[in-house]
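Enquirer: If it helps, the file is called query22.tsv and holds TSV, C-alpha atoms and all ligand atoms:
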chain	number	residue	atom	x	y	z
A	234	MET	CA	-22.68	81.65	-29.54
A	235	ALA	CA	-24.36	80.90	-26.25
A	236	GLY	CA	-25.76	77.47	-25.64
A	237	VAL	CA	-24.01	75.94	-28.60
A	238	GLU	CA	-21.75	73.10	-27.81
A	239	SER	CA	-18.87	72.03	-29.92
A	240	ARG	CA	-17.39	68.70	-29.03
A	241	ILE	CA	-14.31	69.10	-31.15
A	242	GLU	CA	-12.66	71.65	-28.95
A	243	ALA	CA	-9.18	70.75	-30.08
A	244	PRO	CA	-9.47	68.46	-33.08
A	245	VAL	CA	-8.01	65.04	-32.45
A	246	PRO	CA	-6.89	63.68	-35.78
A	247	VAL	CA	-8.58	60.55	-37.08
A	248	GLY	CA	-6.08	58.47	-39.00
A	249	ASP	CA	-6.30	57.62	-42.67
A	250	ASP	CA	-8.75	54.99	-43.85
A	251	ALA	CA	-11.25	55.55	-41.05
A	252	VAL	CA	-14.78	56.88	-41.47
A	253	ARG	CA	-15.74	59.64	-39.05
A	254	PRO	CA	-19.50	59.90	-38.45
A	255	PHE	CA	-20.76	63.24	-37.13
A	256	ASP	CA	-23.87	65.28	-36.60
A	257	VAL	CA	-24.71	68.95	-36.34
A	258	ALA	CA	-27.93	69.05	-34.33
A	259	ALA	CA	-28.46	72.80	-34.80
A	260	LEU	CA	-28.69	72.28	-38.55
A	261	ASP	CA	-30.42	68.87	-38.46
A	262	LEU	CA	-27.45	67.35	-40.25
A	263	ARG	CA	-25.93	63.95	-40.14
A	264	GLY	CA	-22.81	63.06	-42.02
A	265	ARG	CA	-19.62	61.14	-42.50
A	266	ALA	CA	-16.17	62.09	-43.61
A	267	ILE	CA	-13.12	60.09	-44.56
A	268	GLN	CA	-9.60	60.42	-45.84
A	269	LEU	CA	-8.16	57.40	-47.63
A	270	GLY	CA	-4.44	56.76	-47.74
A	271	PRO	CA	-2.67	53.38	-47.58
A	272	MET	CA	-5.85	51.37	-48.15
A	273	LEU	CA	-6.57	53.18	-51.41
A	274	ASP	CA	-2.96	52.95	-52.48
A	275	ASP	CA	-2.99	49.19	-51.89
A	276	ILE	CA	-6.12	48.70	-54.00
A	277	LEU	CA	-4.97	50.89	-56.88
A	278	SER	CA	-1.34	49.79	-56.97
A	279	ARG	CA	-2.45	46.18	-57.44
A	280	HIS	CA	-3.94	47.10	-60.80
A	281	ASP	CA	-2.04	48.61	-63.67
A	282	TYR	CA	-4.59	51.30	-64.43
A	283	PRO	CA	-3.77	54.53	-66.26
A	284	PRO	CA	-3.88	57.44	-63.75
A	285	PRO	CA	-7.26	58.86	-64.93
A	286	VAL	CA	-8.85	55.41	-64.44
A	287	SER	CA	-7.33	55.08	-60.96
A	288	LYS	CA	-8.64	58.53	-60.13
A	289	LEU	CA	-12.17	57.64	-61.19
A	290	LEU	CA	-12.13	54.37	-59.28
A	291	ALA	CA	-10.79	56.19	-56.22
A	292	GLU	CA	-13.76	58.58	-56.33
A	293	ALA	CA	-16.13	55.64	-56.58
A	294	ILE	CA	-14.38	53.95	-53.64
A	295	VAL	CA	-14.77	57.04	-51.43
A	296	LEU	CA	-18.45	57.31	-52.32
A	297	ALA	CA	-19.08	53.61	-51.69
A	298	VAL	CA	-17.28	53.74	-48.34
A	299	LEU	CA	-19.26	56.79	-47.21
A	300	LEU	CA	-22.52	55.06	-48.12
A	301	GLY	CA	-21.73	51.45	-47.29
A	302	SER	CA	-20.28	52.17	-43.87
A	303	SER	CA	-23.62	53.63	-42.79
A	304	LEU	CA	-25.46	50.31	-43.18
A	305	LYS	CA	-26.80	49.10	-39.88
A	306	PHE	CA	-27.03	45.43	-40.81
A	307	GLU	CA	-24.80	42.68	-42.11
A	308	GLY	CA	-24.56	42.67	-45.87
A	309	LYS	CA	-23.06	44.13	-48.97
A	310	PHE	CA	-23.27	47.49	-50.64
A	311	ILE	CA	-22.34	47.47	-54.31
A	312	LEU	CA	-21.77	50.58	-56.38
A	313	GLN	CA	-21.55	49.90	-60.09
A	314	THR	CA	-21.44	52.08	-63.18
A	315	GLU	CA	-22.19	50.81	-66.67
A	316	THR	CA	-21.52	53.40	-69.33
A	317	ASP	CA	-20.44	53.89	-72.94
A	318	GLY	CA	-17.28	55.92	-72.23
A	319	PRO	CA	-13.66	54.75	-72.30
A	320	VAL	CA	-14.17	53.51	-68.71
A	321	ASP	CA	-17.25	51.37	-69.20
A	322	MET	CA	-17.50	49.82	-65.75
A	323	LEU	CA	-16.56	50.64	-62.18
A	324	VAL	CA	-17.41	48.23	-59.39
A	325	VAL	CA	-16.91	48.89	-55.71
A	326	ASP	CA	-18.03	46.20	-53.37
A	327	PHE	CA	-18.33	47.03	-49.68
A	328	ARG	CA	-18.89	44.23	-47.20
A	329	THR	CA	-20.03	45.28	-43.73
A	330	PRO	CA	-18.57	46.34	-41.49
A	331	ASP	CA	-15.31	47.35	-43.14
A	332	ALA	CA	-14.12	45.40	-46.20
A	333	VAL	CA	-13.60	47.18	-49.51
A	334	ARG	CA	-12.66	45.84	-52.95
A	335	ALA	CA	-12.92	47.45	-56.35
A	336	TYR	CA	-12.00	47.26	-60.01
A	337	ALA	CA	-12.45	49.17	-63.25
A	338	ARG	CA	-13.01	47.94	-66.77
A	339	PHE	CA	-11.79	50.19	-69.54
A	340	ASP	CA	-10.45	50.46	-73.05
A	341	ARG	CA	-6.77	51.34	-72.78
A	342	GLU	CA	-6.59	52.89	-76.26
A	343	ARG	CA	-9.66	55.03	-75.78
A	344	VAL	CA	-8.40	56.24	-72.39
A	345	ALA	CA	-5.02	57.14	-73.91
A	346	ALA	CA	-6.75	58.96	-76.79
A	347	ALA	CA	-8.96	60.88	-74.33
A	348	GLU	CA	-5.91	61.90	-72.32
A	349	ALA	CA	-4.09	62.99	-75.47
A	350	ASP	CA	-6.90	65.21	-76.72
A	351	GLY	CA	-7.72	66.69	-73.32
A	352	THR	CA	-11.05	64.91	-72.70
A	353	GLY	CA	-9.77	62.78	-69.85
A	354	ASP	CA	-11.98	64.40	-67.21
A	355	PRO	CA	-13.95	61.94	-65.05
A	356	ALA	CA	-17.40	62.71	-66.49
A	357	THR	CA	-16.22	62.27	-70.10
A	358	LEU	CA	-14.30	59.09	-69.29
A	359	LEU	CA	-17.47	57.56	-67.91
A	360	GLY	CA	-19.77	58.78	-70.68
A	361	ASN	CA	-23.46	57.95	-70.59
A	362	GLY	CA	-25.15	55.06	-68.88
A	363	THR	CA	-26.27	54.20	-65.39
A	364	LEU	CA	-25.06	54.05	-61.84
A	365	ALA	CA	-26.59	51.33	-59.70
A	366	MET	CA	-26.39	51.00	-55.94
A	367	THR	CA	-27.34	47.62	-54.57
A	368	ILE	CA	-27.89	46.58	-50.99
A	369	ASP	CA	-27.65	42.85	-50.51
A	370	GLN	CA	-28.48	41.38	-47.13
A	371	GLY	CA	-27.87	37.78	-48.14
A	372	PRO	CA	-29.94	35.03	-49.75
A	373	MET	CA	-32.78	35.23	-47.19
A	374	MET	CA	-33.52	38.90	-47.84
A	375	SER	CA	-34.62	40.73	-50.96
A	376	ARG	CA	-32.07	42.89	-52.71
A	377	TYR	CA	-32.64	46.60	-52.94
A	378	GLN	CA	-31.37	48.39	-56.02
A	379	GLY	CA	-31.53	52.05	-56.97
A	380	VAL	CA	-30.50	53.00	-60.50
A	381	VAL	CA	-29.89	56.54	-61.70
A	382	PRO	CA	-28.79	57.83	-65.10
A	383	LEU	CA	-25.17	58.87	-65.55
A	384	GLU	CA	-25.05	61.33	-68.41
A	385	GLY	CA	-21.83	63.27	-68.68
A	386	ILE	CA	-21.87	64.17	-64.99
A	387	SER	CA	-19.53	63.47	-62.11
A	388	LEU	CA	-20.03	60.83	-59.43
A	389	GLU	CA	-20.59	63.65	-56.95
A	390	GLU	CA	-23.51	64.93	-58.99
A	391	VAL	CA	-24.94	61.51	-59.59
A	392	ALA	CA	-24.90	60.86	-55.84
A	393	HIS	CA	-27.14	63.89	-55.35
A	394	THR	CA	-29.56	62.58	-57.97
A	395	TYR	CA	-29.53	59.16	-56.37
A	396	PHE	CA	-30.47	60.46	-52.94
A	397	ARG	CA	-33.11	62.71	-54.37
A	398	GLN	CA	-34.74	59.99	-56.45
A	399	SER	CA	-34.18	56.79	-54.52
A	400	GLU	CA	-33.78	57.75	-50.89
A	401	GLN	CA	-35.67	61.03	-50.71
A	402	ILE	CA	-32.99	62.52	-48.50
A	403	PRO	CA	-31.46	65.91	-49.28
A	404	THR	CA	-27.75	65.08	-49.55
A	405	ARG	CA	-24.53	66.83	-50.45
A	406	VAL	CA	-21.35	64.97	-51.24
A	407	ARG	CA	-17.84	66.22	-51.97
A	408	LEU	CA	-15.21	63.84	-53.30
A	409	ALA	CA	-11.58	64.49	-54.12
A	410	VAL	CA	-8.60	62.45	-55.28
A	411	ALA	CA	-4.94	63.42	-55.30
A	412	GLU	CA	-1.66	61.96	-56.43
A	413	MET	CA	1.27	62.68	-54.20
A	414	HIS	CA	4.98	62.11	-54.33
A	415	VAL	CA	6.48	61.52	-50.93
A	416	ARG	CA	10.04	60.88	-49.90
A	417	GLU	CA	10.47	57.49	-48.27
A	418	ASN	CA	13.90	56.08	-47.45
A	419	GLY	CA	15.54	58.58	-49.73
A	420	ALA	CA	13.39	57.79	-52.77
A	421	MET	CA	10.37	59.62	-54.15
A	422	ILE	CA	7.35	57.36	-54.03
A	423	HIS	CA	4.00	57.86	-55.74
A	424	ARG	CA	0.96	57.67	-53.45
A	425	TRP	CA	-2.76	57.94	-54.04
A	426	ARG	CA	-4.96	59.78	-51.59
A	427	ALA	CA	-8.65	60.54	-51.60
A	428	GLY	CA	-11.29	61.90	-49.34
A	429	GLY	CA	-14.92	62.73	-49.08
A	430	ILE	CA	-17.60	64.26	-46.97
A	431	MET	CA	-21.32	63.58	-47.08
A	432	VAL	CA	-24.00	65.55	-45.26
A	433	GLN	CA	-27.69	64.72	-45.11
A	434	PHE	CA	-30.54	66.90	-43.98
A	435	LEU	CA	-32.72	64.94	-41.59
A	436	PRO	CA	-34.93	67.30	-39.60
A	437	GLU	CA	-37.00	65.79	-36.83
A	438	ALA	CA	-39.93	68.13	-37.42
A	439	PRO	CA	-41.84	66.55	-40.32
A	440	GLU	CA	-43.22	69.86	-41.61
A	441	ARG	CA	-39.64	70.84	-42.50
A	442	MET	CA	-39.66	68.03	-45.08
A	443	ARG	CA	-43.16	68.85	-46.41
A	444	GLN	CA	-44.40	65.88	-48.35
A	445	ARG	CA	-45.48	66.63	-51.86
A	446	ASP	CA	-49.15	65.86	-52.33
A	447	LEU	CA	-49.57	65.36	-56.02
A	448	PRO	CA	-52.99	65.38	-57.68
A	449	GLY	CA	-53.96	61.74	-57.95
A	450	GLY	CA	-51.65	61.02	-55.08
A	451	ASP	CA	-49.71	58.28	-56.80
A	452	THR	CA	-46.44	59.32	-55.18
A	453	PRO	CA	-47.55	60.78	-51.87
A	454	GLU	CA	-44.29	59.83	-50.21
A	455	ASP	CA	-42.31	62.24	-52.40
A	456	VAL	CA	-40.46	64.89	-50.49
A	457	ASP	CA	-40.98	68.36	-51.89
A	458	PHE	CA	-37.37	69.16	-52.71
A	459	GLU	CA	-38.04	72.70	-53.85
A	460	PHE	CA	-39.47	73.38	-50.41
A	461	VAL	CA	-36.56	71.70	-48.64
A	462	GLU	CA	-34.00	73.56	-50.77
A	463	GLU	CA	-35.23	76.79	-49.18
A	464	ASP	CA	-34.91	75.60	-45.60
A	465	ASP	CA	-32.48	77.97	-43.85
A	466	SER	CA	-30.52	75.18	-42.19
A	467	TRP	CA	-30.14	73.20	-45.37
A	468	VAL	CA	-29.18	76.32	-47.33
A	469	GLU	CA	-26.48	77.04	-44.75
A	470	ALA	CA	-25.26	73.44	-44.76
A	471	GLN	CA	-24.95	73.35	-48.52
A	472	ALA	CA	-23.11	76.66	-48.57
A	473	LEU	CA	-20.64	75.35	-45.97
A	474	VAL	CA	-20.04	72.08	-47.80
A	475	GLY	CA	-19.60	74.11	-50.98
A	476	THR	CA	-16.53	75.76	-49.45
A	477	VAL	CA	-14.68	72.46	-49.04
A	478	GLU	CA	-11.55	72.51	-51.16
A	479	ASP	CA	-10.11	69.35	-52.69
A	480	HIS	CA	-6.88	69.59	-50.72
A	481	GLU	CA	-8.84	69.70	-47.45
A	482	LEU	CA	-10.15	66.25	-48.31
A	483	THR	CA	-6.87	64.71	-49.41
A	484	TYR	CA	-3.93	66.47	-47.82
A	485	PRO	CA	-2.38	64.38	-45.02
A	486	GLY	CA	-1.85	67.51	-42.91
A	487	VAL	CA	-5.61	68.23	-42.78
A	488	PRO	CA	-7.30	65.40	-40.87
A	489	VAL	CA	-11.07	65.14	-41.28
A	490	ASP	CA	-11.77	66.46	-37.78
A	491	ARG	CA	-10.01	69.69	-38.57
A	492	LEU	CA	-12.22	70.08	-41.63
A	493	LEU	CA	-15.36	69.35	-39.60
A	494	TYR	CA	-14.27	71.87	-37.04
A	495	ARG	CA	-13.68	74.51	-39.68
A	496	LEU	CA	-17.09	73.91	-41.23
A	497	PHE	CA	-19.34	73.47	-38.24
A	498	HIS	CA	-17.72	74.60	-34.99
A	499	GLU	CA	-19.99	77.65	-34.75
A	500	ARG	CA	-23.03	75.37	-34.86
A	501	GLY	CA	-21.68	72.67	-32.58
A	502	VAL	CA	-20.51	69.53	-34.27
A	503	ARG	CA	-20.50	66.19	-32.49
A	504	VAL	CA	-18.25	63.41	-33.73
A	505	PHE	CA	-18.66	59.68	-33.12
A	506	ALA	CA	-16.16	56.84	-32.90
A	507	PRO	CA	-14.29	56.37	-36.17
A	508	ALA	CA	-14.58	53.09	-38.07
A	509	ALA	CA	-11.46	51.74	-39.76
A	510	MET	CA	-11.84	50.48	-43.32
A	511	HIS	CA	-9.81	47.67	-44.90
A	512	ASP	CA	-8.66	46.56	-48.31
A	513	ARG	CA	-10.01	43.03	-48.23
A	514	CYS	CA	-11.27	40.76	-50.98
A	515	SER	CA	-13.77	37.98	-50.37
A	516	CYS	CA	-12.50	35.62	-53.05
A	517	SER	CA	-11.15	32.22	-52.09
A	518	ARG	CA	-10.10	28.97	-53.71
A	519	GLU	CA	-13.26	27.33	-52.35
A	520	ARG	CA	-15.53	29.95	-53.93
A	521	VAL	CA	-13.88	29.66	-57.32
A	522	GLU	CA	-14.09	25.88	-57.04
A	523	THR	CA	-17.82	26.09	-56.31
A	524	MET	CA	-18.29	28.34	-59.34
A	525	LEU	CA	-16.38	25.97	-61.62
A	526	GLY	CA	-18.41	23.08	-60.23
A	527	ARG	CA	-21.50	24.63	-61.83
A	528	PHE	CA	-19.91	24.72	-65.29
A	529	THR	CA	-21.02	22.28	-67.97
A	530	ALA	CA	-18.46	19.93	-69.51
A	531	ALA	CA	-18.34	22.17	-72.60
A	532	GLU	CA	-17.68	25.27	-70.47
A	533	ILE	CA	-14.90	23.45	-68.63
A	534	GLU	CA	-13.33	22.44	-71.95
A	535	GLU	CA	-13.45	26.07	-73.09
A	536	SER	CA	-11.73	27.25	-69.92
A	537	ILE	CA	-8.73	24.92	-70.28
A	538	GLU	CA	-5.51	26.60	-71.28
A	539	ASP	CA	-2.21	24.75	-71.37
A	540	GLY	CA	-3.82	21.83	-69.59
A	541	ALA	CA	-5.07	23.84	-66.62
A	542	ILE	CA	-7.92	26.12	-65.64
A	543	SER	CA	-6.78	29.41	-64.20
A	544	VAL	CA	-9.13	31.99	-62.78
A	545	THR	CA	-7.93	35.46	-61.82
A	546	CYS	CA	-9.98	37.53	-59.36
A	547	GLU	CA	-10.81	40.83	-61.06
A	548	PHE	CA	-10.88	42.63	-57.74
A	549	CYS	CA	-7.60	41.61	-56.14
A	550	GLY	CA	-5.71	39.90	-58.94
A	551	THR	CA	-5.24	36.60	-57.08
A	552	LYS	CA	-4.78	33.74	-59.54
A	553	TYR	CA	-6.30	30.32	-58.80
A	554	VAL	CA	-5.12	27.36	-60.85
A	555	PHE	CA	-7.00	24.05	-61.05
A	556	GLU	CA	-6.57	20.68	-62.73
A	557	PRO	CA	-9.49	20.30	-65.17
A	558	GLU	CA	-9.93	16.49	-64.74
A	559	GLU	CA	-11.89	16.70	-61.51
A	560	PHE	CA	-14.38	19.23	-62.93
A	561	LEU	CA	-14.79	17.32	-66.20
A	562	LYS	CA	-15.53	14.17	-64.23
A	563	ARG	CA	-18.06	16.03	-62.07
A	564	ALA	CA	-19.78	17.63	-65.08
A	565	ALA	CA	-20.03	14.21	-66.77
A	566	GLN	CA	-21.52	12.67	-63.62
A	567	GLU	CA	-24.16	15.37	-63.49
A	568	ILE	CA	-25.18	14.63	-67.08
A	569	ASP	CA	-25.50	10.93	-66.17
A	570	ALA	CA	-27.56	11.82	-63.12
A	571	SER	CA	-29.98	14.04	-65.04
A	572	ASP	CA	-30.26	11.42	-67.82
A	573	SER	CA	-31.25	8.67	-65.42
A	574	SER	CA	-33.66	10.85	-63.47
A	575	GLY	CA	-35.33	11.92	-66.71
A	576	SER	CA	-35.96	8.37	-67.94
B	601	ZN	ZN	-10.11	38.60	-54.88
Would you mind writing the file out in structure tokens?
Expert:
Amino acid sequence: MAGVESRIEAPVPVGDDAVRPFDVAALDLRGRAIQLGPMLDDILSRHDYPPPVSKLLAEAIVLAVLLGSSLKFEGKFILQTETDGPVDMLVVDFRTPDAVRAYARFDRERVAAAEADGTGDPATLLGNGTLAMTIDQGPMMSRYQGVVPLEGISLEEVAHTYFRQSEQIPTRVRLAVAEMHVRENGAMIHRWRAGGIMVQFLPEAPERMRQRDLPGGDTPEDVDFEFVEEDDSWVEAQALVGTVEDHELTYPGVPVDRLLYRLFHERGVRVFAPAAMHDRCSCSRERVETMLGRFTAAEIEESIEDGAISVTCEFCGTKYVFEPEEFLKRAAQEIDASDSSGS
């Protein structure tokens, strides 16, 4: 095609665990793609989750990384599901610019039963409830939270609903997770891999995103999605993303640039500097100490086991052990202080 420039002439592989931002100007698309390897494996291997739970959490991690890494300010992006299925909570916490931590809460017996009777697919494991995405820019700024229903659908589908309802941006997401067995030093080792691609339709010409003008005009900012769905560029983009196979997102031999090239080289895809992501928890002894310092004497008493207070970080599994005396003394002093100030 004349006049179309493709900047991935010969794809240069981006390593694992790095987000690759890109755009396709001819289709008014912006996007990001990632393949997770060692980082994901580190997070998941720290927990003793059954494989279907690890798989679900891995999907949530990919989604959170794709979304969180696009934030242009310092803060946190938190993706959290709360549902009635065997896996009743997933939390992925992304701290800008690159720190990821995550955990799942689940009922081991129900997960095993679901696996046994063949209902261990991600949507059924989650069940019905909500998915919340929270953007937290620190104590001086207000928190933004978008909540969408999760009703027997996949995280991929719920992401589309989220962008439609909360962000008003036509978005397509593909997520995939794979378990691999690789030979290392003569032994077969189990490895988790995952990947994802997200494309968003952001035309510069406003008439391409015709705003819906409802009678009464109470939601004049609503984008008319039926109109956008028919836009030639967006139709083409969705069709292309629809051809992405799971193995293209997870297989180590198919780096994300090669996938981007396959999808968009005829239209001219431009890639930007990759951003490496890291498995990094924000817990610390000081933070746990501060939290315990807010406990009442009764709460401290309740937390004592075998003469000590031990707190385990749900995200990274680090165990912090404290002597209770100091906290009991502090709690008692606070009661004295409030008594005297009240009299
Ligand atoms: Zn931690």
Enquirer: Using all atoms listed in the file, can you tell me which of A:Gly353, A:Pro283, A:Gly419, A:Gly264 comes closest to Thr404 in chain A?
Expert: A:Gly264
Enquirer: How would you write, as a list of chain:residue names, the set of residues no farther than 12 Å from ligand ZN 601 (chain B) when counting only C-alpha atoms and all ligand atoms?
Expert: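 The residues near ligand ZN 601 (chain B) are A:Ile276, A:Arg279, A:Asp326, A:Ala332, A:Val333, A:Arg334, A:Ala335, A:Tyr336, A:Asp512, A:Arg513, A:Cys514, A:Ser515, A:Cys516, A:Ser517, A:Arg518, A:Glu519, A:Arg520, A:Val521, A:Val544, A:Thr545, A:Cys546, A:Glu547, A:Phe548, A:Cys549, A:Gly550, A:Thr551, A:Lys552, A:Tyr553.
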Enquirer: Quick one: write out the picked residues with C-alpha atoms as a PDB file, in the coordinates of the input?
Expert:
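Final file, selection37.pdb:
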ATOM      1  CA  ILE A 276      -6.120  48.700 -54.000  1.00  0.00           C
ATOM      2  CA  ARG A 279      -2.450  46.180 -57.440  1.00  0.00           C
ATOM      3  CA  ASP A 326     -18.030  46.200 -53.370  1.00  0.00           C
ATOM      4  CA  ALA A 332     -14.120  45.400 -46.200  1.00  0.00           C
ATOM      5  CA  VAL A 333     -13.600  47.180 -49.510  1.00  0.00           C
ATOM      6  CA  ARG A 334     -12.660  45.840 -52.950  1.00  0.00           C
ATOM      7  CA  ALA A 335     -12.920  47.450 -56.350  1.00  0.00           C
ATOM      8  CA  TYR A 336     -12.000  47.260 -60.010  1.00  0.00           C
ATOM      9  CA  ASP A 512      -8.660  46.560 -48.310  1.00  0.00           C
ATOM     10  CA  ARG A 513     -10.010  43.030 -48.230  1.00  0.00           C
ATOM     11  CA  CYS A 514     -11.270  40.760 -50.980  1.00  0.00           C
ATOM     12  CA  SER A 515     -13.770  37.980 -50.370  1.00  0.00           C
ATOM     13  CA  CYS A 516     -12.500  35.620 -53.050  1.00  0.00           C
ATOM     14  CA  SER A 517     -11.150  32.220 -52.090  1.00  0.00           C
ATOM     15  CA  ARG A 518     -10.100  28.970 -53.710  1.00  0.00           C
ATOM     16  CA  GLU A 519     -13.260  27.330 -52.350  1.00  0.00           C
ATOM     17  CA  ARG A 520     -15.530  29.950 -53.930  1.00  0.00           C
ATOM     18  CA  VAL A 521     -13.880  29.660 -57.320  1.00  0.00           C
ATOM     19  CA  VAL A 544      -9.130  31.990 -62.780  1.00  0.00           C
ATOM     20  CA  THR A 545      -7.930  35.460 -61.820  1.00  0.00           C
ATOM     21  CA  CYS A 546      -9.980  37.530 -59.360  1.00  0.00           C
ATOM     22  CA  GLU A 547     -10.810  40.830 -61.060  1.00  0.00           C
ATOM     23  CA  PHE A 548     -10.880  42.630 -57.740  1.00  0.00           C
ATOM     24  CA  CYS A 549      -7.600  41.610 -56.140  1.00  0.00           C
ATOM     25  CA  GLY A 550      -5.710  39.900 -58.940  1.00  0.00           C
ATOM     26  CA  THR A 551      -5.240  36.600 -57.080  1.00  0.00           C
ATOM     27  CA  LYS A 552      -4.780  33.740 -59.540  1.00  0.00           C
ATOM     28  CA  TYR A 553      -6.300  30.320 -58.800  1.00  0.00           C
TER      29      TYR A 553
END
Enquirer: Smallest atom-to-atom distance to Ile402 in chain A: which of A:Leu435, A:Leu277, A:Ala472, A:Val380, using only C-alpha atoms?
Expert: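 When distances to Ile402 in chain A are compared using only C-alpha atoms, the smallest one comes from A:Leu435.
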Enquirer: I'd like the interatomic distance between CA of Phe434 in chain A and CA of Pro403 in chain A, to a tenth of an Å.
Expert: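 About the pair CA of Phe434 in chain A and CA of Pro403 in chain A: they are 5.5 Å apart.
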Enquirer: Between A:Thr329, A:Ser387, A:Ser399, A:Thr394, single out the one closest to Asp369 in chain A, counting only C-alpha atoms.
Expert: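 Result for the nearest residue to Asp369 in chain A: A:Thr329.
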Enquirer: So the first atom is CA of Lys305 in chain A and the second is CA of Pro436 in chain A; what is the distance between them in Å, to one decimal place?
Expert: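 These atoms are spaced 19.9 Å apart.
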Enquirer: Of the residues A:Pro355, A:Gly501, A:Gly270, A:Gly385, which is the one nearest to Ser287 in chain A, using only C-alpha atoms?
Expert: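 Among the listed residues, the smallest separation from Ser287 in chain A belongs to A:Pro355.
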Enquirer: Looking at all atoms listed in the file, which of A:Ser375, A:Thr352, A:Thr523, A:Gln268 is the one that sits closest to Glu292 in chain A?
Expert: A:Gln268
Enquirer: Starting from the sparse input, extend range 329-342 of chain A to N, CA, C and O atoms and give the output as a CSV table (one decimal), in the coordinates of the input.
Expert:
chain,number,residue,atom,x,y,z
A,329,THR,N,-20.0,44.8,-45.1
A,329,THR,CA,-20.0,45.3,-43.7
A,329,THR,C,-19.2,44.4,-42.8
A,329,THR,O,-19.1,43.2,-43.1
A,330,PRO,N,-18.5,44.9,-41.8
A,330,PRO,CA,-18.6,46.3,-41.5
A,330,PRO,C,-17.5,47.2,-42.1
A,330,PRO,O,-17.5,48.4,-42.1
A,331,ASP,N,-16.5,46.6,-42.8
A,331,ASP,CA,-15.3,47.4,-43.1
A,331,ASP,C,-14.5,46.9,-44.3
A,331,ASP,O,-13.4,47.4,-44.5
A,332,ALA,N,-15.0,45.9,-45.1
A,332,ALA,CA,-14.1,45.4,-46.2
A,332,ALA,C,-14.4,46.0,-47.6
A,332,ALA,O,-15.6,46.1,-48.0
A,333,VAL,N,-13.4,46.5,-48.2
A,333,VAL,CA,-13.6,47.2,-49.5
A,333,VAL,C,-12.8,46.5,-50.6
A,333,VAL,O,-11.6,46.1,-50.4
A,334,ARG,N,-13.4,46.3,-51.8
A,334,ARG,CA,-12.7,45.8,-53.0
A,334,ARG,C,-13.3,46.5,-54.2
A,334,ARG,O,-14.4,46.9,-54.1
A,335,ALA,N,-12.5,46.7,-55.2
A,335,ALA,CA,-12.9,47.4,-56.4
A,335,ALA,C,-12.1,47.1,-57.6
A,335,ALA,O,-10.9,46.8,-57.5
A,336,TYR,N,-12.8,47.3,-58.8
A,336,TYR,CA,-12.0,47.3,-60.0
A,336,TYR,C,-12.7,48.1,-61.1
A,336,TYR,O,-13.9,48.5,-60.9
A,337,ALA,N,-11.9,48.4,-62.1
A,337,ALA,CA,-12.4,49.2,-63.2
A,337,ALA,C,-12.3,48.4,-64.5
A,337,ALA,O,-11.3,47.6,-64.7
A,338,ARG,N,-13.2,48.5,-65.4
A,338,ARG,CA,-13.0,47.9,-66.8
A,338,ARG,C,-12.9,49.1,-67.8
A,338,ARG,O,-13.8,50.0,-67.7
A,339,PHE,N,-12.0,49.0,-68.6
A,339,PHE,CA,-11.8,50.2,-69.5
A,339,PHE,C,-11.1,49.8,-70.8
A,339,PHE,O,-10.5,48.7,-70.9
A,340,ASP,N,-11.1,50.7,-71.8
A,340,ASP,CA,-10.4,50.5,-73.0
A,340,ASP,C,-9.2,51.3,-73.1
A,340,ASP,O,-9.2,52.5,-73.1
A,341,ARG,N,-8.0,50.6,-73.0
A,341,ARG,CA,-6.8,51.3,-72.8
A,341,ARG,C,-6.5,52.4,-73.9
A,341,ARG,O,-6.1,53.5,-73.7
A,342,GLU,N,-6.8,52.0,-75.1
A,342,GLU,CA,-6.6,52.9,-76.3
A,342,GLU,C,-7.5,54.1,-76.2
A,342,GLU,O,-7.0,55.2,-76.4
